[in-house]
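Colleague: As input, take data24.cif (mmCIF, C-alpha atoms and all ligand atoms):
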data_work
#
loop_
_atom_site.group_PDB
_atom_site.id
_atom_site.type_symbol
_atom_site.label_atom_id
_atom_site.label_comp_id
_atom_site.auth_asym_id
_atom_site.auth_seq_id
_atom_site.Cartn_x
_atom_site.Cartn_y
_atom_site.Cartn_z
ATOM 1 C CA MET T 5 93.846 75.817 88.702
ATOM 2 C CA SER T 6 97.331 74.851 89.958
ATOM 3 C CA LYS T 7 98.485 71.323 89.261
ATOM 4 C CA PRO T 8 98.205 69.314 92.524
ATOM 5 C CA HIS T 9 101.458 68.044 93.984
ATOM 6 C CA LEU T 10 101.347 64.909 96.121
ATOM 7 C CA VAL T 11 103.910 63.659 98.628
ATOM 8 C CA SER T 12 103.934 59.880 98.883
ATOM 9 C CA PHE T 13 105.568 56.700 100.124
ATOM 10 C CA ASP T 14 105.500 54.057 97.399
ATOM 11 C CA LEU T 15 103.658 51.404 99.423
ATOM 12 C CA CYS T 16 101.267 53.657 101.310
ATOM 13 C CA PRO T 17 97.608 52.628 100.971
ATOM 14 C CA PHE T 18 96.424 56.025 102.228
ATOM 15 C CA VAL T 19 98.232 57.841 99.414
ATOM 16 C CA GLN T 20 96.669 55.404 96.983
ATOM 17 C CA ARG T 21 93.196 56.441 98.118
ATOM 18 C CA SER T 22 93.956 59.933 96.850
ATOM 19 C CA THR T 23 95.711 58.856 93.645
ATOM 20 C CA ILE T 24 92.699 56.638 92.840
ATOM 21 C CA THR T 25 90.503 59.745 93.117
ATOM 22 C CA LEU T 26 92.894 61.748 90.920
ATOM 23 C CA GLN T 27 92.933 58.917 88.353
ATOM 24 C CA GLU T 28 89.125 58.553 88.374
ATOM 25 C CA LYS T 29 88.885 62.256 87.580
ATOM 26 C CA GLY T 30 91.687 62.322 85.027
ATOM 27 C CA VAL T 31 93.537 65.049 86.953
ATOM 28 C CA GLU T 32 97.233 65.570 86.160
ATOM 29 C CA TYR T 33 99.435 65.698 89.238
ATOM 30 C CA ASP T 34 103.073 65.539 90.305
ATOM 31 C CA ILE T 35 104.229 63.027 92.865
ATOM 32 C CA ARG T 36 107.291 63.013 95.096
ATOM 33 C CA TYR T 37 108.335 60.115 97.321
ATOM 34 C CA VAL T 38 109.785 60.291 100.830
ATOM 35 C CA ASP T 39 111.602 57.715 102.919
ATOM 36 C CA LEU T 40 109.330 57.420 105.965
ATOM 37 C CA ALA T 41 112.122 55.841 108.015
ATOM 38 C CA ASN T 42 114.187 58.986 107.452
ATOM 39 C CA LYS T 43 111.751 61.882 107.112
ATOM 40 C CA PRO T 44 113.230 64.994 105.514
ATOM 41 C CA ASP T 45 112.768 68.377 107.238
ATOM 42 C CA TRP T 46 110.886 69.859 104.281
ATOM 43 C CA PHE T 47 108.314 67.060 104.662
ATOM 44 C CA LEU T 48 107.889 67.535 108.429
ATOM 45 C CA ALA T 49 107.453 71.247 107.802
ATOM 46 C CA MET T 50 104.565 70.457 105.455
ATOM 47 C CA ASN T 51 102.718 68.023 107.709
ATOM 48 C CA PRO T 52 103.190 68.272 111.473
ATOM 49 C CA LEU T 53 101.749 64.740 111.749
ATOM 50 C CA GLY T 54 104.649 63.459 109.621
ATOM 51 C CA LYS T 55 102.367 61.300 107.489
ATOM 52 C CA VAL T 56 101.699 60.851 103.791
ATOM 53 C CA PRO T 57 99.687 61.700 101.759
ATOM 54 C CA VAL T 58 100.279 65.427 101.668
ATOM 55 C CA LEU T 59 98.707 67.485 98.905
ATOM 56 C CA LYS T 60 100.025 70.887 97.916
ATOM 57 C CA VAL T 61 97.957 73.120 95.673
ATOM 58 C CA GLY T 62 99.652 76.432 94.974
ATOM 59 C CA GLU T 63 101.014 77.417 98.383
ATOM 60 C CA THR T 64 98.358 75.578 100.394
ATOM 61 C CA VAL T 65 99.087 72.242 102.054
ATOM 62 C CA VAL T 66 96.387 69.714 102.924
ATOM 63 C CA PHE T 67 96.828 66.338 104.603
ATOM 64 C CA GLU T 68 94.768 63.284 105.642
ATOM 65 C CA SER T 69 93.609 61.109 102.736
ATOM 66 C CA ALA T 70 89.862 61.440 103.418
ATOM 67 C CA VAL T 71 90.172 65.244 103.606
ATOM 68 C CA ILE T 72 92.215 65.356 100.397
ATOM 69 C CA ASN T 73 89.576 63.241 98.663
ATOM 70 C CA GLU T 74 86.749 65.502 99.814
ATOM 71 C CA TYR T 75 88.620 68.485 98.357
ATOM 72 C CA LEU T 76 89.343 66.716 95.065
ATOM 73 C CA ASP T 77 85.710 65.648 94.783
ATOM 74 C CA GLU T 78 84.529 69.217 95.264
ATOM 75 C CA VAL T 79 86.753 70.732 92.598
ATOM 76 C CA TYR T 80 86.998 68.021 89.902
ATOM 77 C CA GLY T 81 84.287 65.971 88.197
ATOM 78 C CA PRO T 82 82.853 63.450 87.912
ATOM 79 C CA GLN T 83 81.516 63.562 91.471
ATOM 80 C CA LEU T 84 82.260 60.397 93.409
ATOM 81 C CA HIS T 85 80.122 61.295 96.423
ATOM 82 C CA PRO T 86 76.319 61.058 96.112
ATOM 83 C CA ALA T 87 74.580 64.437 95.739
ATOM 84 C CA ASP T 88 71.999 63.704 98.414
ATOM 85 C CA PRO T 89 73.319 64.971 101.804
ATOM 86 C CA LEU T 90 72.102 61.977 103.764
ATOM 87 C CA GLN T 91 73.535 59.472 101.296
ATOM 88 C CA LYS T 92 76.769 61.468 101.278
ATOM 89 C CA ALA T 93 76.921 61.300 105.070
ATOM 90 C CA MET T 94 76.294 57.548 104.936
ATOM 91 C CA HIS T 95 79.173 57.162 102.446
ATOM 92 C CA ARG T 96 81.437 59.156 104.780
ATOM 93 C CA SER T 97 80.485 56.802 107.599
ATOM 94 C CA TRP T 98 81.533 53.813 105.519
ATOM 95 C CA ILE T 99 84.787 55.485 104.478
ATOM 96 C CA GLU T 100 85.454 55.527 108.209
ATOM 97 C CA VAL T 101 84.659 51.791 108.322
ATOM 98 C CA THR T 102 87.255 51.093 105.594
ATOM 99 C CA GLU T 103 89.896 52.492 107.978
ATOM 100 C CA GLN T 104 89.369 49.398 110.124
ATOM 101 C CA LEU T 105 91.056 47.344 107.402
ATOM 102 C CA GLY T 106 94.262 49.414 107.469
ATOM 103 C CA GLY T 107 95.551 48.278 110.871
ATOM 104 C CA PRO T 108 95.071 44.527 110.338
ATOM 105 C CA GLY T 109 96.535 44.827 106.811
ATOM 106 C CA TYR T 110 99.667 46.483 108.165
ATOM 107 C CA MET T 111 99.959 44.095 111.143
ATOM 108 C CA LEU T 112 99.780 41.199 108.707
ATOM 109 C CA MET T 113 102.599 42.674 106.634
ATOM 110 C CA VAL T 114 104.919 43.097 109.620
ATOM 111 C CA ALA T 115 103.896 40.028 111.690
ATOM 112 C CA GLU T 116 106.956 38.089 112.720
ATOM 113 C CA THR T 117 105.164 34.934 113.814
ATOM 114 C CA GLU T 118 102.383 32.796 112.410
ATOM 115 C CA GLU T 119 100.323 33.515 115.518
ATOM 116 C CA ALA T 120 100.630 37.280 115.012
ATOM 117 C CA ALA T 121 99.772 36.969 111.321
ATOM 118 C CA ARG T 122 96.685 34.865 112.012
ATOM 119 C CA ALA T 123 95.583 37.268 114.749
ATOM 120 C CA ALA T 124 95.897 40.187 112.292
ATOM 121 C CA ALA T 125 93.918 38.293 109.644
ATOM 122 C CA GLY T 126 91.253 37.573 112.268
ATOM 123 C CA LYS T 127 91.011 41.298 113.051
ATOM 124 C CA ALA T 128 90.233 42.093 109.393
ATOM 125 C CA ARG T 129 87.421 39.583 109.295
ATOM 126 C CA PRO T 130 84.598 41.445 111.189
ATOM 127 C CA THR T 131 84.992 44.471 108.911
ATOM 128 C CA LEU T 132 84.968 42.302 105.786
ATOM 129 C CA GLU T 133 81.805 40.636 107.114
ATOM 130 C CA MET T 134 80.200 44.064 107.642
ATOM 131 C CA PHE T 135 80.897 44.939 104.017
ATOM 132 C CA GLU T 136 79.505 41.574 102.874
ATOM 133 C CA GLU T 137 76.163 42.671 104.359
ATOM 134 C CA LYS T 138 76.362 46.251 103.111
ATOM 135 C CA ILE T 139 77.736 46.365 99.563
ATOM 136 C CA GLU T 140 75.267 46.385 96.707
ATOM 137 C CA GLY T 141 77.738 45.232 94.054
ATOM 138 C CA PRO T 142 79.533 45.433 91.795
ATOM 139 C CA PHE T 143 80.599 48.524 93.789
ATOM 140 C CA PHE T 144 79.731 49.706 97.288
ATOM 141 C CA ALA T 145 76.568 51.536 96.188
ATOM 142 C CA GLY T 146 75.778 49.643 92.981
ATOM 143 C CA GLU T 147 76.887 50.430 89.445
ATOM 144 C CA GLU T 148 78.669 53.712 90.235
ATOM 145 C CA PHE T 149 82.190 53.790 91.633
ATOM 146 C CA SER T 150 82.281 56.050 94.711
ATOM 147 C CA LEU T 151 84.814 57.435 97.182
ATOM 148 C CA VAL T 152 83.993 54.485 99.464
ATOM 149 C CA ASP T 153 85.292 52.112 96.779
ATOM 150 C CA GLY T 154 88.457 54.166 96.354
ATOM 151 C CA ALA T 155 88.978 54.306 100.112
ATOM 152 C CA ALA T 156 88.611 50.541 100.524
ATOM 153 C CA ALA T 157 90.551 49.407 97.434
ATOM 154 C CA PRO T 158 94.154 49.828 98.698
ATOM 155 C CA PHE T 159 93.391 47.962 101.929
ATOM 156 C CA LEU T 160 91.535 45.165 100.148
ATOM 157 C CA GLN T 161 94.431 44.909 97.685
ATOM 158 C CA ARG T 162 96.971 44.316 100.457
ATOM 159 C CA LEU T 163 94.763 41.801 102.287
ATOM 160 C CA TRP T 164 94.198 40.005 98.990
ATOM 161 C CA TRP T 165 97.912 39.832 98.202
ATOM 162 C CA SER T 166 98.617 38.569 101.725
ATOM 163 C CA GLU T 167 96.010 35.857 101.309
ATOM 164 C CA GLU T 168 97.536 34.916 97.950
ATOM 165 C CA VAL T 169 100.760 34.143 99.816
ATOM 166 C CA ARG T 170 98.880 32.019 102.390
ATOM 167 C CA PRO T 171 95.356 31.159 101.174
ATOM 168 C CA ASP T 172 94.713 29.414 104.480
ATOM 169 C CA LEU T 173 94.526 32.826 106.181
ATOM 170 C CA GLY T 174 90.911 32.547 105.059
ATOM 171 C CA MET T 175 89.992 36.237 105.289
ATOM 172 C CA PHE T 176 87.806 36.121 102.179
ATOM 173 C CA ASP T 177 86.356 32.639 102.766
ATOM 174 C CA GLY T 178 82.565 32.513 102.572
ATOM 175 C CA LEU T 179 82.344 36.195 101.536
ATOM 176 C CA PRO T 180 81.333 36.058 97.842
ATOM 177 C CA LYS T 181 80.269 39.696 97.582
ATOM 178 C CA VAL T 182 83.448 41.034 99.144
ATOM 179 C CA THR T 183 85.503 38.677 96.976
ATOM 180 C CA ALA T 184 83.777 39.878 93.782
ATOM 181 C CA TRP T 185 84.090 43.504 94.941
ATOM 182 C CA THR T 186 87.804 43.094 95.608
ATOM 183 C CA ARG T 187 88.402 41.480 92.191
ATOM 184 C CA GLN T 188 86.455 44.303 90.544
ATOM 185 C CA LEU T 189 88.470 46.963 92.381
ATOM 186 C CA LEU T 190 91.830 45.347 91.676
ATOM 187 C CA ALA T 191 90.996 45.270 87.951
ATOM 188 C CA ARG T 192 89.826 48.903 87.881
ATOM 189 C CA PRO T 193 92.132 51.069 85.685
ATOM 190 C CA SER T 194 92.200 53.906 88.259
ATOM 191 C CA VAL T 195 93.335 51.461 90.961
ATOM 192 C CA GLN T 196 95.986 49.949 88.702
ATOM 193 C CA ALA T 197 97.313 53.382 87.743
ATOM 194 C CA SER T 198 97.194 54.685 91.318
ATOM 195 C CA THR T 199 100.641 53.539 92.330
ATOM 196 C CA ILE T 200 103.991 52.366 90.940
ATOM 197 C CA PRO T 201 103.558 49.731 88.188
ATOM 198 C CA GLU T 202 105.641 47.163 90.114
ATOM 199 C CA ILE T 203 103.579 47.574 93.297
ATOM 200 C CA HIS T 204 102.817 43.867 93.741
ATOM 201 C CA ASP T 205 106.491 42.965 93.528
ATOM 202 C CA ARG T 206 107.288 45.899 95.861
ATOM 203 C CA PHE T 207 104.734 44.542 98.358
ATOM 204 C CA LEU T 208 106.391 41.108 98.288
ATOM 205 C CA ARG T 209 109.849 42.684 98.688
ATOM 206 C CA TYR T 210 108.564 44.576 101.738
ATOM 207 C CA LEU T 211 107.465 41.274 103.280
ATOM 208 C CA LYS T 212 110.934 39.914 102.571
ATOM 209 C CA GLY T 213 112.453 42.801 104.561
ATOM 210 C CA ASP T 214 113.012 45.609 102.034
ATOM 211 C CA ARG T 215 111.061 48.236 103.997
ATOM 212 C CA THR T 216 112.430 51.606 102.817
ATOM 213 C CA GLU T 217 115.566 53.029 101.253
ATOM 214 C CA SER T 218 117.148 53.325 104.709
ATOM 215 C CA MET T 219 115.502 50.368 106.441
ATOM 216 C CA GLN T 220 116.226 46.752 105.591
ATOM 217 C CA VAL T 221 115.179 43.991 108.010
ATOM 218 C CA GLY T 222 114.696 40.225 107.958
ATOM 219 C CA PRO T 223 111.626 38.632 106.327
ATOM 220 C CA THR T 224 108.334 38.705 108.199
ATOM 221 C CA TRP T 225 106.413 35.458 108.732
ATOM 222 C CA LEU T 226 104.489 36.049 105.499
ATOM 223 C CA GLY T 227 107.715 37.021 103.710
ATOM 224 C CA ALA T 228 109.260 33.702 104.678
ATOM 225 C CA GLN T 229 106.305 31.897 103.030
ATOM 226 C CA ILE T 230 106.961 33.405 99.596
ATOM 227 C CA ALA T 231 108.476 30.912 97.185
ATOM 228 C CA ALA T 232 112.001 32.054 96.276
HETATM 229 N N1 LIG Y 1 94.962 59.057 108.661
HETATM 230 C C1 LIG Y 1 96.043 59.237 107.725
HETATM 231 C C2 LIG Y 1 96.965 58.023 107.783
HETATM 232 C C3 LIG Y 1 98.194 58.195 106.900
HETATM 233 C C4 LIG Y 1 99.324 57.228 107.291
HETATM 234 O O1 LIG Y 1 99.265 56.546 108.332
HETATM 235 N N2 LIG Y 1 100.344 57.178 106.445
HETATM 236 C C5 LIG Y 1 101.499 56.376 106.805
HETATM 237 C C6 LIG Y 1 102.104 55.659 105.597
HETATM 238 S S1 LIG Y 1 100.990 54.526 104.859
HETATM 239 C C7 LIG Y 1 102.593 57.298 107.329
HETATM 240 O O2 LIG Y 1 102.831 58.339 106.758
HETATM 241 N N3 LIG Y 1 103.262 56.870 108.381
HETATM 242 C C8 LIG Y 1 104.363 57.584 108.933
HETATM 243 C C9 LIG Y 1 104.262 57.729 110.422
HETATM 244 O O3 LIG Y 1 103.192 57.436 110.985
HETATM 245 O O4 LIG Y 1 105.261 58.136 111.010
HETATM 246 C C10 LIG Y 1 95.464 59.424 106.320
HETATM 247 O O5 LIG Y 1 94.345 58.935 106.068
HETATM 248 O O6 LIG Y 1 96.092 60.105 105.497
#
I'd like the structure from this file rewritten - as structure tokens, please.
Ligand SMILES: N[C@@H](CCC(=O)N[C@@H](CS)C(=O)NCC(=O)O)C(=O)O

Modeller:
Amino acid sequence: MSKPHLVSFDLCPFVQRSTITLQEKGVEYDIRYVDLANKPDWFLAMNPLGKVPVLKVGETVVFESAVINEYLDEVYGPQLHPADPLQKAMHRSWIEVTEQLGGPGYMLMVAETEEAARAAAGKARPTLEMFEEKIEGPFFAGEEFSLVDGAAAPFLQRLWWSEEVRPDLGMFDGLPKVTAWTRQLLARPSVQASTIPEIHDRFLRYLKGDRTESMQVGPTWLGAQIAA
């Protein structure tokens, strides 16, 4: 089988969903980074949507993180989806729910005012509350790590790091199961190995205005809260 080749942006949570899957399965892969503020032609030719992740296997190109993960789960063990079709469908539904955390997480990272940041944090809250009711613990469906966990982890990681900057954002307050789940996911070796080693520092630099190679801006509201 050809070695998978992944196209990435270093801070992209969607790419991380797929690298978590690759790490869980111990699959070797190559990774290439693009500057999303200055997309190269070869990248746009691969994905007409202009988004990472993109996976290339042999001459075939696949995009969309959930689709990439379904493919990886079909061809490499151990299986991270349940075998039972109904349970599998239920997991797919909840992977869709994890997507609801992506928007608020990003809005929080780029919010220029306290009001905008608090509004973004408030938008994450209903989804976190839904997971508080649903997760079995320690992972989404109990003892076994699944694709739902891998899909949620990058978003939870960014919300967690944002709340570390300003604990009074309160997104995790009164949600003990989601808090324990997030801690468990952040400590998971596959999650830690799913991105650049200095990812936390990179996240903080992004808040301070270091967006991409070709895009530097002023600090966001959260960035201005980081102790120098
Ligand atoms: N639904 C897509 C979302 C991917 C996505 O939004 N990636 C962002 C970076 S984290 C991107 O490439 N943005 C570039 C753009 O939208 O122009 C997936 O799951 O793969």

Colleague: Just how far from CA of Ile139 in chain T is CA of Val79 in chain T, in Å to one decimal?

Modeller: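 We find that CA of Val79 in chain T and CA of Ile139 in chain T lie 26.9 Å from each other.
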
Colleague: If you measure from CA of Glu140 in chain T to CA of Trp185 in chain T, what distance in Å do you get, rounded to one decimal?

Modeller: 9.4 Å

Colleague: How close does chain T get to ligand LIG 1 (chain Y)? List, as a tab-separated table, each residue of chain T within 8 Å, its nearest atom pair and the distance in Å to one decimal, counting all atoms listed in the file.

Modeller:
residue	atom	partner	partner_atom	distance
T:Phe13	CA	Y:LIG1	C6	6.6
T:Leu15	CA	Y:LIG1	S1	6.8
T:Cys16	CA	Y:LIG1	S1	3.7
T:Pro17	CA	Y:LIG1	S1	5.5
T:Phe18	CA	Y:LIG1	O6	5.2
T:Val19	CA	Y:LIG1	O6	6.8
T:Leu40	CA	Y:LIG1	C8	5.8
T:Ala41	CA	Y:LIG1	O4	7.8
T:Leu53	CA	Y:LIG1	O3	7.5
T:Gly54	CA	Y:LIG1	O4	5.5
T:Lys55	CA	Y:LIG1	O2	3.1
T:Val56	CA	Y:LIG1	O2	4.0
T:Pro57	CA	Y:LIG1	O6	5.4
T:Val58	CA	Y:LIG1	O6	7.8
T:Phe67	CA	Y:LIG1	O6	6.3
T:Glu68	CA	Y:LIG1	O6	3.4
T:Ser69	CA	Y:LIG1	O6	3.8
T:Ala70	CA	Y:LIG1	O5	5.8
T:Val71	CA	Y:LIG1	O5	8.0

Colleague: Pull out every residue that the PyMOL selection byres (((chain T and resi 34-39) around 8) and not hetatm) matches in the shown coordinates and put them as a count of residues only.

Modeller: 19

Colleague: Tell me which residues the PyMOL selection byres (((chain T and resi 162) around 12) and not hetatm) grabs here, as a PyMOL selection string.

Modeller: chain T and resi 15-18+20+105-113+125+128+156-161+163-169+175+186+190+203-208+210-211

Colleague: Which residues match the PyMOL selection byres (((chain T and resi 231) around 12) and not hetatm) in the file above, as a list in words?

Modeller: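 Against this file, the PyMOL selection byres (((chain T and resi 231) around 12) and not hetatm) returns the residues Glu168, Val169, Arg170, Leu208, Arg209, Lys212, Leu226, Gly227, Ala228, Gln229, Ile230 and Ala232 of chain T.
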
Colleague: With all atoms listed in the file as the basis for distance, which of T:Glu147, T:Leu76, T:Thr199, T:Gly222 is at the shortest distance from Gly30 in chain T?

Modeller: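 Looking only at the distances to Gly30 in chain T, the closest residue turns out to be T:Leu76.
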
Colleague: Which is closest to Pro86 in chain T among T:Ala121, T:Leu151, T:Met219, T:Leu189, if we use all atoms listed in the file?

Modeller: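 Closest candidate: T:Leu151.
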